[in-house]
file start.txt (compact mmCIF, C-alpha atoms)
# COMPACT_ATOMS: atom_id res chain seq x y z
CA MET A 1087 -15.05 -8.30 -35.85
CA LYS A 1088 -16.36 -8.35 -32.28
CA PRO A 1089 -14.28 -10.12 -29.62
CA THR A 1090 -15.49 -13.47 -28.43
CA ILE A 1091 -17.53 -13.17 -25.25
CA MET A 1092 -15.88 -15.08 -22.44
CA GLY A 1093 -17.43 -16.50 -19.31
CA ARG A 1094 -16.07 -15.44 -15.94
CA GLY A 1095 -13.92 -18.55 -15.51
CA VAL A 1096 -12.18 -18.07 -18.87
CA LEU A 1097 -11.73 -14.36 -18.19
CA LEU A 1098 -10.08 -14.97 -14.82
CA ALA A 1099 -7.85 -17.65 -16.29
CA LEU A 1100 -6.69 -15.14 -18.89
CA LEU A 1101 -5.85 -12.64 -16.18
CA SER A 1102 -3.87 -15.14 -14.16
CA GLY A 1103 -1.24 -16.08 -16.72
CA ALA A 1104 -1.71 -14.83 -20.26
CA ALA A 1105 1.32 -13.57 -22.15
CA LEU A 1106 1.58 -9.80 -22.40
CA ASN A 1107 1.73 -7.96 -25.68
CA ALA A 1108 4.65 -5.79 -24.56
CA ASN A 1109 7.50 -5.91 -22.06
CA ALA A 1110 7.30 -2.39 -20.67
CA TYR A 1111 4.59 -0.15 -19.28
CA ASN A 1112 4.59 3.35 -17.77
CA MET A 1113 2.21 3.05 -14.84
CA SER A 1114 1.37 6.78 -14.98
CA VAL A 1115 -0.34 8.66 -17.78
CA TYR A 1116 1.74 11.70 -16.83
CA ASP A 1117 5.47 12.34 -17.21
CA VAL A 1118 6.58 12.69 -13.59
CA LYS A 1119 9.97 10.95 -13.82
CA PRO A 1120 12.58 13.08 -12.01
CA ASP A 1121 15.64 14.13 -14.00
CA ILE A 1122 18.22 12.25 -11.94
CA ASP A 1123 21.24 10.27 -13.07
CA TRP A 1124 20.67 7.24 -10.85
CA ASN A 1125 23.99 5.77 -11.96
CA GLU A 1126 25.57 8.34 -9.64
CA ILE A 1127 23.48 7.27 -6.62
CA PRO A 1128 24.63 4.29 -4.49
CA VAL A 1129 22.46 1.16 -4.65
CA ILE A 1130 21.46 -0.31 -1.30
CA GLU A 1131 20.36 -3.92 -1.51
CA LYS A 1132 17.82 -5.08 1.06
CA THR A 1133 16.16 -8.43 1.53
CA MET A 1134 12.53 -7.88 2.49
CA PHE A 1135 10.81 -10.78 4.21
CA PHE A 1136 7.36 -12.16 4.93
CA PRO A 1137 6.51 -11.31 8.58
CA GLY A 1138 3.84 -13.98 9.07
CA LEU A 1139 1.74 -13.57 12.20
CA ILE A 1140 4.37 -11.66 14.16
CA THR A 1141 2.69 -8.73 15.92
CA TYR A 1142 3.59 -6.04 18.43
CA ASP A 1143 1.79 -8.11 21.07
CA TRP A 1144 4.01 -11.13 20.35
CA ILE A 1145 7.28 -9.19 20.11
CA ASN A 1146 6.73 -7.77 23.60
CA SER A 1147 5.57 -11.05 25.17
CA PRO A 1148 7.58 -13.82 26.90
CA ALA A 1149 7.11 -15.93 23.74
CA HIS A 1150 9.75 -13.71 22.14
CA LYS A 1151 13.07 -14.75 23.67
CA GLY A 1152 14.53 -11.35 22.93
CA THR A 1153 12.53 -9.89 25.80
CA GLU A 1154 14.85 -11.75 28.20
CA ARG A 1155 17.69 -9.41 27.27
CA ALA A 1156 18.39 -6.70 29.84
CA ASP A 1157 18.72 -4.12 27.04
CA PHE A 1158 15.62 -5.23 25.11
CA ASP A 1159 13.90 -1.84 25.45
CA THR A 1160 16.69 -0.06 23.57
CA LYS A 1161 17.61 -2.75 21.04
CA THR A 1162 16.31 -2.46 17.47
CA CYS A 1163 15.00 -5.42 15.50
CA THR A 1164 17.94 -4.93 13.14
CA SER A 1165 20.56 -5.09 15.89
CA CYS A 1166 19.44 -8.62 16.78
CA HIS A 1167 18.34 -9.97 13.40
CA SER A 1168 20.39 -8.23 10.71
CA GLY A 1169 21.27 -10.73 7.98
CA GLU A 1170 18.53 -13.13 9.05
CA GLU A 1171 15.81 -11.75 6.79
CA ARG A 1172 15.86 -14.54 4.23
CA GLY A 1173 15.90 -17.29 6.86
CA LEU A 1174 13.15 -15.63 8.90
CA GLY A 1175 10.97 -15.28 5.81
CA GLU A 1176 11.33 -18.95 4.91
CA GLN A 1177 10.66 -20.04 8.48
CA LEU A 1178 7.57 -17.84 8.84
CA ILE A 1179 6.19 -18.93 5.46
CA LYS A 1180 6.69 -22.59 6.38
CA HIS A 1181 4.73 -22.34 9.63
CA ASP A 1182 1.95 -20.06 8.35
CA ARG A 1183 -1.49 -21.02 7.11
CA LEU A 1184 -0.78 -20.17 3.49
CA ASP A 1185 -2.72 -22.92 1.75
CA LYS A 1186 -4.30 -20.23 -0.44
CA MET A 1187 -0.92 -18.80 -1.45
CA ALA A 1188 1.04 -21.90 -2.38
CA GLY A 1189 4.43 -21.03 -3.77
CA LYS A 1190 4.66 -17.59 -2.17
CA ALA A 1191 8.32 -16.71 -1.63
CA GLY A 1192 9.54 -16.06 1.90
CA SER A 1193 11.53 -13.00 0.81
CA ILE A 1194 12.35 -10.72 -2.10
CA ASP A 1195 15.47 -8.73 -2.96
CA VAL A 1196 14.98 -5.02 -3.56
CA ASP A 1197 17.42 -2.38 -4.82
CA PHE A 1198 17.00 0.98 -3.10
CA GLN A 1199 18.53 4.37 -3.85
CA PHE A 1200 18.13 7.52 -1.75
CA ALA A 1201 18.81 11.07 -2.94
CA ASN A 1202 17.82 14.58 -1.94
CA ASP A 1203 17.90 18.19 -3.03
CA ASP A 1204 17.11 21.23 -0.89
CA GLU A 1205 13.38 20.59 -0.99
CA HIS A 1206 12.80 16.87 -1.68
CA LEU A 1207 13.72 13.35 -0.68
CA TYR A 1208 13.83 10.79 -3.49
CA VAL A 1209 13.42 7.07 -2.77
CA LYS A 1210 13.81 4.66 -5.68
CA ALA A 1211 12.98 0.95 -5.38
CA THR A 1212 13.28 -1.80 -7.99
CA TRP A 1213 12.13 -5.38 -7.53
CA GLU A 1214 11.14 -8.41 -9.57
CA THR A 1215 7.42 -9.07 -9.35
CA GLN A 1216 6.03 -12.56 -8.76
CA MET A 1217 3.30 -12.13 -11.37
CA PRO A 1218 3.72 -12.21 -15.17
CA TYR A 1219 2.26 -8.72 -15.66
CA PRO A 1220 1.80 -5.40 -13.85
CA ALA A 1221 -1.29 -5.18 -11.63
CA ARG A 1222 -3.37 -2.59 -13.52
CA ILE A 1223 -6.82 -3.55 -12.23
CA HIS A 1224 -8.30 -3.82 -8.76
CA ASP A 1225 -12.05 -4.01 -8.16
CA THR A 1226 -13.25 -4.88 -11.66
CA LEU A 1227 -16.81 -4.47 -12.91
CA LEU A 1228 -18.02 -7.20 -15.29
CA PHE A 1229 -21.23 -6.86 -17.33
CA GLU A 1230 -22.65 -10.37 -17.48
CA ASN A 1231 -26.20 -11.65 -17.92
CA GLY A 1232 -27.52 -8.10 -18.08
CA LYS A 1233 -26.08 -6.85 -14.79
CA TRP A 1234 -22.84 -5.52 -13.30
CA THR A 1235 -20.85 -7.66 -10.87
CA ILE A 1236 -17.65 -6.84 -8.95
CA ILE A 1237 -15.16 -9.63 -9.66
CA GLY A 1238 -11.66 -10.55 -8.56
CA GLY A 1239 -10.02 -10.11 -5.19
CA ASP A 1240 -6.57 -10.60 -3.68
CA ARG A 1241 -4.74 -13.93 -3.63
CA GLY A 1242 -6.03 -14.72 -0.16
CA LYS A 1243 -9.63 -14.67 -1.40
CA ASN A 1244 -9.01 -15.69 -5.00
CA PRO A 1245 -5.77 -17.72 -4.98
CA TYR A 1246 -5.67 -18.97 -8.56
CA THR A 1247 -7.05 -16.01 -10.50
CA PRO A 1248 -6.51 -12.88 -8.40
CA ILE A 1249 -7.49 -9.42 -9.61
CA TYR A 1250 -5.82 -6.94 -7.28
CA GLU A 1251 -3.21 -4.20 -7.15
CA ASP A 1252 0.36 -4.22 -5.83
CA ARG A 1253 1.69 -1.68 -3.32
CA PHE A 1254 4.87 0.01 -2.12
CA SER A 1255 4.54 1.70 1.28
CA ILE A 1256 6.79 3.91 3.40
CA MET A 1257 6.33 4.64 7.11
CA ILE A 1258 8.20 7.63 8.58
CA ASP A 1259 8.62 8.97 12.09
CA ASP A 1260 10.68 11.87 13.42
CA GLY A 1261 11.39 10.40 16.85
CA SER A 1262 8.03 11.38 18.33
CA VAL A 1263 6.54 7.87 18.56
CA ASP A 1264 7.93 5.87 21.46
CA GLU A 1265 9.51 2.54 20.32
CA PHE A 1266 9.12 3.14 16.59
CA ALA A 1267 12.88 3.41 16.14
CA GLN A 1268 13.24 -0.02 17.76
CA GLN A 1269 10.21 -1.94 16.48
CA GLY A 1270 9.10 -0.03 13.41
CA CYS A 1271 5.97 -1.10 11.56
CA TRP A 1272 5.33 -3.93 14.04
CA MET A 1273 4.09 -1.20 16.40
CA SER A 1274 1.07 -0.87 14.11
CA CYS A 1275 0.36 -4.60 13.78
CA HIS A 1276 -1.80 -6.26 16.46
CA ARG A 1277 -4.06 -9.17 17.24
CA GLY A 1278 -7.62 -8.37 16.22
CA MET A 1279 -6.68 -6.91 12.82
CA ARG A 1280 -7.86 -8.34 9.53
CA ASP A 1281 -6.32 -11.77 8.93
CA ILE A 1282 -4.70 -11.76 12.38
CA GLY A 1283 -7.17 -13.10 14.94
CA GLN A 1284 -9.86 -10.95 13.41
CA ALA A 1285 -12.22 -8.90 15.59
CA THR A 1286 -15.89 -9.22 14.67
CA MET A 1287 -17.75 -6.41 12.91
CA ARG A 1288 -20.28 -6.33 15.76
CA ASP A 1289 -17.57 -5.80 18.38
CA VAL A 1290 -15.79 -3.14 16.31
CA GLN A 1291 -19.00 -1.21 15.66
CA ALA A 1292 -19.64 -1.10 19.40
CA LEU A 1293 -16.37 0.73 20.14
CA GLU A 1294 -16.88 4.37 21.12
CA VAL A 1295 -14.12 5.96 19.00
CA ILE A 1296 -13.62 3.39 16.24
CA GLY A 1297 -17.19 2.12 15.82
CA MET A 1298 -20.62 3.33 14.81
CA ASP A 1299 -20.56 6.52 16.89
CA GLY A 1300 -17.01 7.44 15.91
CA LEU A 1301 -15.09 6.53 12.74
CA ASN A 1302 -17.84 4.03 11.84
CA GLN A 1303 -15.35 1.31 10.96
CA LYS A 1304 -16.26 -2.35 10.69
CA ASP A 1305 -12.83 -3.90 11.23
CA ILE A 1306 -9.53 -3.23 12.97
CA ARG A 1307 -6.62 -1.98 10.91
CA LYS A 1308 -3.26 -0.53 11.87
CA TYR A 1309 -3.04 1.41 15.13
CA LEU A 1310 -0.37 2.61 17.56
CA PRO A 1311 -0.25 1.33 21.16
CA ASP A 1312 -0.29 4.89 22.56
CA THR A 1313 -3.96 5.06 21.52
CA ARG A 1314 -4.94 2.16 23.80
CA THR A 1315 -5.32 2.14 27.58
CA GLU A 1316 -3.24 -1.05 27.72
CA ARG A 1317 0.00 -0.89 25.76
CA TYR A 1318 0.77 -4.60 25.60
CA GLY A 1319 -1.31 -7.70 25.05
CA GLU A 1320 -4.49 -7.88 22.98
CA SER A 1321 -5.55 -4.25 23.12
CA TRP A 1322 -7.52 -3.51 19.95
CA ASP A 1323 -10.75 -2.89 21.93
CA LYS A 1324 -9.16 -0.83 24.71
CA VAL A 1325 -9.36 2.54 22.94
CA LYS A 1326 -8.58 5.84 24.65
CA THR A 1327 -11.05 8.72 24.49
CA ARG A 1328 -11.41 10.97 21.46
CA GLU A 1329 -9.91 13.84 23.44
CA GLU A 1330 -6.82 11.82 24.42
CA ILE A 1331 -6.24 10.66 20.85
CA ASP A 1332 -6.65 14.19 19.48
CA GLN A 1333 -3.96 15.34 21.89
CA LEU A 1334 -1.62 12.59 20.68
CA LYS A 1335 -2.16 13.80 17.11
CA GLN A 1336 -1.48 17.38 18.12
CA ASP A 1337 1.74 16.25 19.82
CA GLY A 1338 2.91 14.56 16.61
CA LYS A 1339 2.70 11.04 18.04
CA PHE A 1340 1.53 9.52 14.75
CA VAL A 1341 3.40 7.69 11.99
CA ASP A 1342 3.36 9.03 8.44
CA LEU A 1343 2.21 6.41 5.91
CA MET A 1344 2.51 6.81 2.14
CA GLN A 1345 1.24 4.05 -0.16
CA TRP A 1346 1.91 3.76 -3.89
CA ARG A 1347 -0.85 1.61 -5.36
CA SER A 1348 -0.34 0.14 -8.83
CA THR A 1349 -4.01 0.65 -9.74
CA ARG A 1350 -5.53 3.20 -7.37
CA SER A 1351 -2.75 5.82 -7.42
CA ALA A 1352 -0.05 5.04 -10.01
CA PRO A 1353 -2.05 6.24 -13.06
CA THR A 1354 -2.06 9.83 -11.76
CA GLY A 1355 1.58 9.74 -10.63
CA SER A 1356 0.41 9.72 -7.03
CA ALA A 1357 0.54 7.86 -3.76
CA ASP A 1358 -1.91 7.72 -0.89
CA ASP A 1359 -1.00 10.17 1.85
CA GLY A 1360 -2.12 8.93 5.23
CA TYR A 1361 -1.03 8.27 8.78
CA VAL A 1362 -1.42 5.72 11.56
CA LEU A 1363 -2.73 6.64 15.00
CA GLU A 1364 -5.89 5.04 16.42
CA TYR A 1365 -6.54 3.60 12.94
CA ARG A 1366 -5.01 3.74 9.48
CA LEU A 1367 -6.40 7.07 8.26
CA ASN A 1368 -6.21 9.36 5.24
CA ASP A 1369 -4.76 12.85 5.43
CA ALA A 1370 -7.28 15.67 5.24
CA GLY A 1371 -8.63 16.57 1.80
CA LYS A 1372 -9.65 14.77 -1.37
CA THR A 1373 -8.05 11.34 -1.77
CA VAL A 1374 -6.42 9.93 -4.93
CA PHE A 1375 -9.20 7.41 -5.72
CA THR A 1376 -12.86 6.69 -5.14
CA TRP A 1377 -15.47 4.08 -6.15
CA ASN A 1378 -16.75 3.95 -9.72
CA PHE A 1379 -19.78 1.93 -8.64
CA ASP A 1380 -23.10 3.11 -7.24
CA LYS A 1381 -24.11 0.39 -4.81
CA LYS A 1382 -27.70 1.69 -4.65
CA THR A 1383 -28.33 1.42 -8.39
CA GLY A 1384 -25.87 -1.39 -9.11
CA LEU A 1385 -24.41 0.64 -11.98
CA PRO A 1386 -21.03 2.21 -12.79
CA LYS A 1387 -20.77 5.97 -12.46
CA PHE A 1388 -18.35 6.50 -15.36
CA MET A 1389 -17.11 4.74 -18.47
CA TYR A 1390 -14.26 5.48 -20.88
CA ASP A 1391 -14.59 8.44 -23.24
CA LYS A 1392 -14.09 6.80 -26.63
CA SER A 1393 -12.95 10.07 -28.21
CA VAL A 1394 -9.94 9.93 -25.86
CA THR A 1395 -9.27 6.20 -25.44
CA GLY A 1396 -10.75 4.61 -28.56
CA PHE A 1397 -13.13 2.45 -26.49
CA TYR A 1398 -16.06 2.76 -24.07
CA ALA A 1399 -15.29 -0.34 -22.02
CA LEU A 1400 -12.70 -3.10 -21.75
CA ASN A 1401 -12.71 -6.46 -23.45
CA PRO A 1402 -10.92 -9.41 -21.79
CA GLU A 1403 -7.90 -9.23 -24.08
CA ASP A 1404 -7.37 -5.55 -23.18
CA LEU A 1405 -6.41 -6.39 -19.62
CA THR A 1406 -3.11 -7.96 -20.63
CA ASP A 1407 -2.44 -5.70 -23.61
CA LEU A 1408 0.22 -3.26 -22.40
CA SER A 1409 -0.16 -1.15 -25.53
CA LYS A 1410 -3.42 0.10 -23.97
CA ASN A 1411 -3.58 2.35 -20.94
CA ILE A 1412 -6.66 1.14 -19.08
CA ALA A 1413 -6.69 3.54 -16.12
CA LEU A 1414 -9.98 5.40 -15.62
CA ILE A 1415 -9.18 8.98 -14.59
CA GLU A 1416 -11.85 11.47 -13.63
CA GLY A 1417 -12.02 14.41 -16.03
CA VAL A 1418 -9.27 12.99 -18.26
CA ASN A 1419 -10.69 10.00 -20.11
CA THR A 1420 -14.16 9.56 -18.58
CA MET A 1421 -17.75 10.17 -19.58
CA PRO A 1422 -20.99 9.45 -17.69
CA TYR A 1423 -22.12 5.83 -17.84
CA ASP A 1424 -24.31 5.02 -20.85
CA ALA A 1425 -25.76 1.49 -20.83
CA SER A 1426 -26.46 1.59 -24.58
CA LYS A 1427 -22.73 1.52 -25.33
CA ILE A 1428 -21.89 -1.58 -23.27
CA GLU A 1429 -21.80 -5.14 -24.61
CA GLU A 1430 -22.14 -8.43 -22.76
CA GLY A 1431 -18.83 -9.54 -21.26
CA GLN A 1432 -17.22 -6.10 -21.18
CA MET A 1433 -15.61 -4.54 -18.12
CA LEU A 1434 -14.90 -1.24 -16.39
CA GLN A 1435 -12.56 -0.27 -13.62
CA GLY A 1436 -14.30 -0.46 -10.26
CA ARG A 1437 -12.19 2.38 -8.89
CA LEU A 1438 -11.83 5.87 -10.29
CA ASN A 1439 -8.47 7.67 -10.22
CA ARG A 1440 -8.62 11.39 -9.60
CA ALA A 1441 -6.52 14.43 -8.73
CA ALA A 1442 -6.20 14.66 -4.95
CA GLU A 1443 -6.44 17.90 -3.01
CA GLY A 1444 -5.18 19.28 0.28
CA SER A 1445 -2.92 17.29 2.57
CA ALA A 1446 -4.17 14.05 0.97
CA GLY A 1447 -2.71 15.24 -2.34
CA ALA A 1448 0.84 15.95 -1.18
CA ASN A 1449 2.34 12.93 -2.96
CA ASN A 1450 1.67 13.82 -6.59
CA GLU A 1451 5.03 13.20 -8.31
CA ILE A 1452 5.49 9.44 -7.98
CA HIS A 1453 7.00 7.80 -11.05
CA SER A 1454 6.42 4.09 -11.58
CA GLU A 1455 6.99 1.64 -14.40
CA TRP A 1456 6.98 -2.08 -15.13
CA ASN A 1457 9.74 -3.36 -17.35
CA ASP A 1458 10.31 -7.00 -18.28
CA GLY A 1459 8.97 -8.35 -14.99
CA LYS A 1460 10.34 -5.65 -12.69
CA TYR A 1461 8.65 -2.74 -10.95
CA THR A 1462 10.46 0.55 -10.42
CA VAL A 1463 8.86 3.13 -8.12
CA ILE A 1464 10.39 6.56 -7.43
CA PHE A 1465 8.96 8.63 -4.60
CA LYS A 1466 9.57 12.38 -4.82
CA ARG A 1467 8.48 13.68 -1.46
CA LYS A 1468 8.71 17.26 -0.23
CA LEU A 1469 10.73 17.49 2.96
CA ASP A 1470 8.26 20.08 4.22
CA THR A 1471 4.84 19.24 2.75
CA GLY A 1472 3.22 22.23 4.43
CA PHE A 1473 0.91 19.94 6.40
CA PRO A 1474 2.58 19.30 9.81
CA GLU A 1475 -0.75 18.19 11.27
CA ASP A 1476 -0.74 15.11 8.97
CA ASP A 1477 2.85 14.62 7.77
CA LYS A 1478 6.29 14.28 9.29
CA ILE A 1479 8.22 17.39 8.33
CA MET A 1480 11.84 16.69 7.44
CA GLU A 1481 14.89 18.80 6.72
CA VAL A 1482 18.36 18.43 5.22
CA GLY A 1483 20.73 17.21 7.91
CA GLY A 1484 18.00 15.42 9.86
CA THR A 1485 17.71 11.72 10.67
CA TYR A 1486 14.37 9.90 10.47
CA ASP A 1487 13.00 6.44 11.25
CA PHE A 1488 11.79 4.45 8.24
CA ASN A 1489 10.06 1.14 7.58
CA ILE A 1490 9.16 -0.05 4.07
CA ALA A 1491 6.66 -2.69 2.91
CA ILE A 1492 5.86 -4.19 -0.50
CA HIS A 1493 2.66 -6.01 -1.39
CA ASP A 1494 3.64 -8.02 -4.44
CA GLY A 1495 1.77 -10.72 -6.34
CA GLN A 1496 -1.67 -9.13 -5.80
CA THR A 1497 -1.87 -9.55 -2.02
CA THR A 1498 -3.31 -7.50 0.82
CA THR A 1499 -3.17 -7.05 4.62
CA ARG A 1500 -0.37 -9.00 6.30
CA TYR A 1501 0.67 -10.92 3.16
CA HIS A 1502 3.41 -8.44 2.30
CA TYR A 1503 7.19 -8.16 2.61
CA VAL A 1504 8.85 -5.79 5.05
CA THR A 1505 12.22 -4.36 5.99
CA PHE A 1506 13.39 -4.07 9.55
CA PRO A 1507 13.22 -0.46 10.79
CA PHE A 1508 16.18 1.69 9.73
CA THR A 1509 17.21 5.33 9.91
CA VAL A 1510 17.62 7.66 6.95
CA GLY A 1511 19.90 10.67 7.17
CA ILE A 1512 19.09 13.37 4.63
CA GLY A 1513 22.12 14.92 2.97
CA ASP A 1514 25.77 13.97 2.69
CA ASP A 1515 26.68 15.11 6.22
CA ALA A 1516 23.69 13.53 7.97
CA LYS A 1517 23.82 10.40 10.12
CA GLY A 1518 21.79 7.25 9.54
CA ASP A 1519 21.82 3.59 8.55
CA VAL A 1520 21.19 5.01 5.08
CA VAL A 1521 22.32 8.49 4.01
CA SER A 1522 20.73 10.12 0.98
CA GLN A 1523 23.09 11.61 -1.55
CA THR A 1524 22.67 15.31 -2.25
CA LEU A 1525 22.06 16.02 -5.92
CA LYS A 1526 24.53 18.41 -7.54

call {"tool": "encode", "arguments": {"input": "start.txt", "output": "C-alpha cells"}}
result
Amino acid sequence: MKPTIMGRGVLLALLSGAALNANAYNMSVYDVKPDIDWNEIPVIEKTMFFPGLITYDWINSPAHKGTERADFDTKTCTSCHSGEERGLGEQLIKHDRLDKMAGKAGSIDVDFQFANDDEHLYVKATWETQMPYPARIHDTLLFENGKWTIIGGDRGKNPYTPIYEDRFSIMIDDGSVDEFAQQGCWMSCHRGMRDIGQATMRDVQALEVIGMDGLNQKDIRKYLPDTRTERYGESWDKVKTREEIDQLKQDGKFVDLMQWRSTRSAPTGSADDGYVLEYRLNDAGKTVFTWNFDKKTGLPKFMYDKSVTGFYALNPEDLTDLSKNIALIEGVNTMPYDASKIEEGQMLQGRLNRAAEGSAGANNEIHSEWNDGKYTVIFKRKLDTGFPEDDKIMEVGGTYDFNIAIHDGQTTTRYHYVTFPFTVGIGDDAKGDVVSQTLK
C-alpha cells in the first residue's frame, strides 16, 4: 500500500512534533566509538548560555562597564562572570528580538569529559536537546507538482516547522591570537555579520579580499580583528590586504574551528575542519559534504540506491522513523538520479555526505548518538594532525585556549549557546582550567 501523499504544510507539521518510532539513534553509519571507560573520566558540568547580540565591538566599547577596570586587558570573561552564565542567558534572551523563537531557553547544561592518549585528545559532551527528535535532515528536496523544491530552514526563518541540523563546535588556539585567551569566540563575532546588523550583499561583494575579486562571498561571517585595519568598532569592511592576511596565516594567527553537524557530517563519523581568520574558512582539501542539487537543471544529483537502503527516496513518515538511516552518502548508498523512480510527495536529502580528503578530512573519527532526548558527541582529535598550516598542533603537557558552542533546536548563526573561554591542559601533569585525564 502506497503512503498517503501529504501537502507541504502537513509534512512540515509532522517534522515539527511527531512521535519517534524509537528512542535511540546512532548518528553515524560507521562504528567510530572510541573504546574508553568514561566512568573513569571526571565529568565537568558547564552551563552554556545564549550570547544575544554581544559582539567583540561591544565588549571593547564604553557600553561594557568592564572596560573601566584598570586590568581589563588581562582579565578573562570567566574571571569576571564565572557563575553568571544562567542569569546572563536569561537576561540576554529577554531583551533580544526573538519573536521567531518563542520559548527558547536562555541556557543549557552540558556534561563534558576530557581524556587523552599519546596521540589524541578526546572531548565528550552530552546535553538534552530542545527538540523531540535528532536533526537528521537539513536542506530537504521535496518533489511536488512535478518539480523539486528546497524546503525547510532554521528556526529563525521557519519558527514553527524548522528543518535544519544541530551543531557542536570547538574553537582552539595555542596562544598565537592576541586576546583569544581573554575574550574567546567573541573575537570572531562582529557587527555586520549575518543576523547582527547585517552588511548588504552589494557592499560585501565590493570588498577587495572578501568580495567578488577575492573570496567571492556575499555576506560577512566570523573573522578575527587582526585581519582589519581598525581593531575596534565596526570594522567588517576595513579588510587588510591579501598579502598581510597571508602573513598572519603563516604566523599561525588563526583560530582552529571544528564543527560536528548532525546532518552534514555526523553520518560519516566526521566533523568540519576549518579555521577563522579573515572569514570562516574550510581547511584545504575535499570537505565532508556538498550539494545534492543542480541549481541549473533544478534536479537532484543522486538518490538512494534501493539495493542498499530498501528505498529510492523518502516518504514523510521516514523522517521521524529512527529505525531507518536516512543519510545520503556518496559511493555508499547512492545512485544517479532517475526521475522514473520518484513519486509525488517524496523527498531526498539536499546535501550529500562524503569522505573528506586532505586537511579538511582530519576529523574523521567523531562518534555521535541520540538517546532518549539527549545528544552525545565524542571528538577524537589528533594532537598533531600533520597540517600545521590549517590546524593548531597540540602536544601532551601543553595548555590550549578553548571555546565551545552548541546550536541546538535547529538554529543557526548567533542563535547558539556558548561557554566562556577556558584553558585545557593535556595530560595529568598539565595546567589548565580543565585537565584531560591520560588513558591507561

call {"tool": "closest_residue", "arguments": {"input": "start.txt", "among": "A:Thr1505, A:Thr1524, A:Thr1471, A:Ser1351", "to": "Tyr1116 in chain A", "atoms": "only C-alpha atoms"}}
result
A:Ser1351

call {"tool": "axis_aligned_box", "arguments": {"input": "start.txt", "around": "range 1205-1208 of chain A", "padding_each_side": "8 Å", "output": "JSON"}}
result
{"center_x": 13.3, "center_y": 15.7, "center_z": -2.1, "size_x": 17.0, "size_y": 25.8, "size_z": 18.8}

call {"tool": "closest_residue", "arguments": {"input": "start.txt", "among": "A:Tyr1461, A:Phe1229, A:Phe1375, A:Trp1272", "to": "Asn1401 in chain A", "atoms": "all atoms listed in the file"}}
result
A:Phe1229

call {"tool": "atom_distance", "arguments": {"input": "start.txt", "atom1": "CA of Gly1300 in chain A", "atom2": "CA of Gln1333 in chain A"}}
result
16.4 Å

call {"tool": "residues_around", "arguments": {"input": "start.txt", "residues": "Asp1197 in chain A", "least_positions_apart": "3", "cutoff": "7 Å", "atoms": "only C-alpha atoms", "output": "PDB file with C-alpha atoms, in the frame of the given file"}}
result
ATOM      1  CA  VAL A1129      22.460   1.160  -4.650  1.00  0.00           C
ATOM      2  CA  ILE A1130      21.460  -0.310  -1.300  1.00  0.00           C
ATOM      3  CA  GLU A1131      20.360  -3.920  -1.510  1.00  0.00           C
ATOM      4  CA  LYS A1132      17.820  -5.080   1.060  1.00  0.00           C
ATOM      5  CA  ALA A1211      12.980   0.950  -5.380  1.00  0.00           C
ATOM      6  CA  THR A1212      13.280  -1.800  -7.990  1.00  0.00           C
ATOM      7  CA  TRP A1213      12.130  -5.380  -7.530  1.00  0.00           C
TER       8      TRP A1213
END

call {"tool": "closest_residue", "arguments": {"input": "start.txt", "among": "A:Asp1514, A:Asp1337, A:Asp1182, A:Glu1451", "to": "Asp1117 in chain A", "atoms": "all atoms listed in the file"}}
result
A:Glu1451

call {"tool": "atom_distance", "arguments": {"input": "start.txt", "atom1": "CA of Phe1158 in chain A", "atom2": "CA of Lys1308 in chain A"}}
result
23.5 Å

call {"tool": "closest_residue", "arguments": {"input": "start.txt", "among": "A:Gly1431, A:Gly1175, A:Pro1353, A:Gly1189", "to": "Tyr1246 in chain A", "atoms": "only C-alpha atoms"}}
result
A:Gly1189

call {"tool": "atom_distance", "arguments": {"input": "start.txt", "atom1": "CA of Trp1322 in chain A", "atom2": "CA of His1181 in chain A"}}
result
24.7 Å

call {"tool": "closest_residue", "arguments": {"input": "start.txt", "among": "A:Thr1406, A:Thr1498, A:Ser1445, A:Thr1286", "to": "Asn1109 in chain A", "atoms": "all atoms listed in the file"}}
result
A:Thr1406

call {"tool": "residues_near_point", "arguments": {"input": "start.txt", "point": "(-17.1, 4.9, -11.4)", "cutoff": "10 Å", "atoms": "all atoms listed in the file", "output": "PyMOL selection string"}}
result
chain A and resi 1227+1376-1380+1385-1390+1414-1416+1420-1423+1434-1439

call {"tool": "write_last_selection", "arguments": {"input": "start.txt", "atoms": "C-alpha atoms", "output": "compact mmCIF listing (two decimals), in the frame of the given file"}}
result
# COMPACT_ATOMS: atom_id res chain seq x y z
CA LEU A 1227 -16.81 -4.47 -12.91
CA THR A 1376 -12.86 6.69 -5.14
CA TRP A 1377 -15.47 4.08 -6.15
CA ASN A 1378 -16.75 3.95 -9.72
CA PHE A 1379 -19.78 1.93 -8.64
CA ASP A 1380 -23.10 3.11 -7.24
CA LEU A 1385 -24.41 0.64 -11.98
CA PRO A 1386 -21.03 2.21 -12.79
CA LYS A 1387 -20.77 5.97 -12.46
CA PHE A 1388 -18.35 6.50 -15.36
CA MET A 1389 -17.11 4.74 -18.47
CA TYR A 1390 -14.26 5.48 -20.88
CA LEU A 1414 -9.98 5.40 -15.62
CA ILE A 1415 -9.18 8.98 -14.59
CA GLU A 1416 -11.85 11.47 -13.63
CA THR A 1420 -14.16 9.56 -18.58
CA MET A 1421 -17.75 10.17 -19.58
CA PRO A 1422 -20.99 9.45 -17.69
CA TYR A 1423 -22.12 5.83 -17.84
CA LEU A 1434 -14.90 -1.24 -16.39
CA GLN A 1435 -12.56 -0.27 -13.62
CA GLY A 1436 -14.30 -0.46 -10.26
CA ARG A 1437 -12.19 2.38 -8.89
CA LEU A 1438 -11.83 5.87 -10.29
CA ASN A 1439 -8.47 7.67 -10.22

call {"tool": "closest_residue", "arguments": {"input": "start.txt", "among": "A:Leu1139, A:Thr1354, A:Ile1492, A:Thr1497", "to": "Lys1186 in chain A", "atoms": "all atoms listed in the file"}}
result
A:Thr1497

call {"tool": "residues_around", "arguments": {"input": "start.txt", "residues": "Gly1518 in chain A", "least_positions_apart": "3", "cutoff": "7 Å", "atoms": "all atoms listed in the file", "output": "PyMOL selection string"}}
result
chain A and resi 1485+1509-1511+1521

call {"tool": "residues_around", "arguments": {"input": "start.txt", "residues": "Ile1140 in chain A", "least_positions_apart": "2", "cutoff": "9 Å", "atoms": "only C-alpha atoms", "output": "list in words"}}
result
Pro1137, Gly1138, Tyr1142, Asp1143, Trp1144, Ile1145, Leu1178, Trp1272, Cys1275 and His1276 of chain A
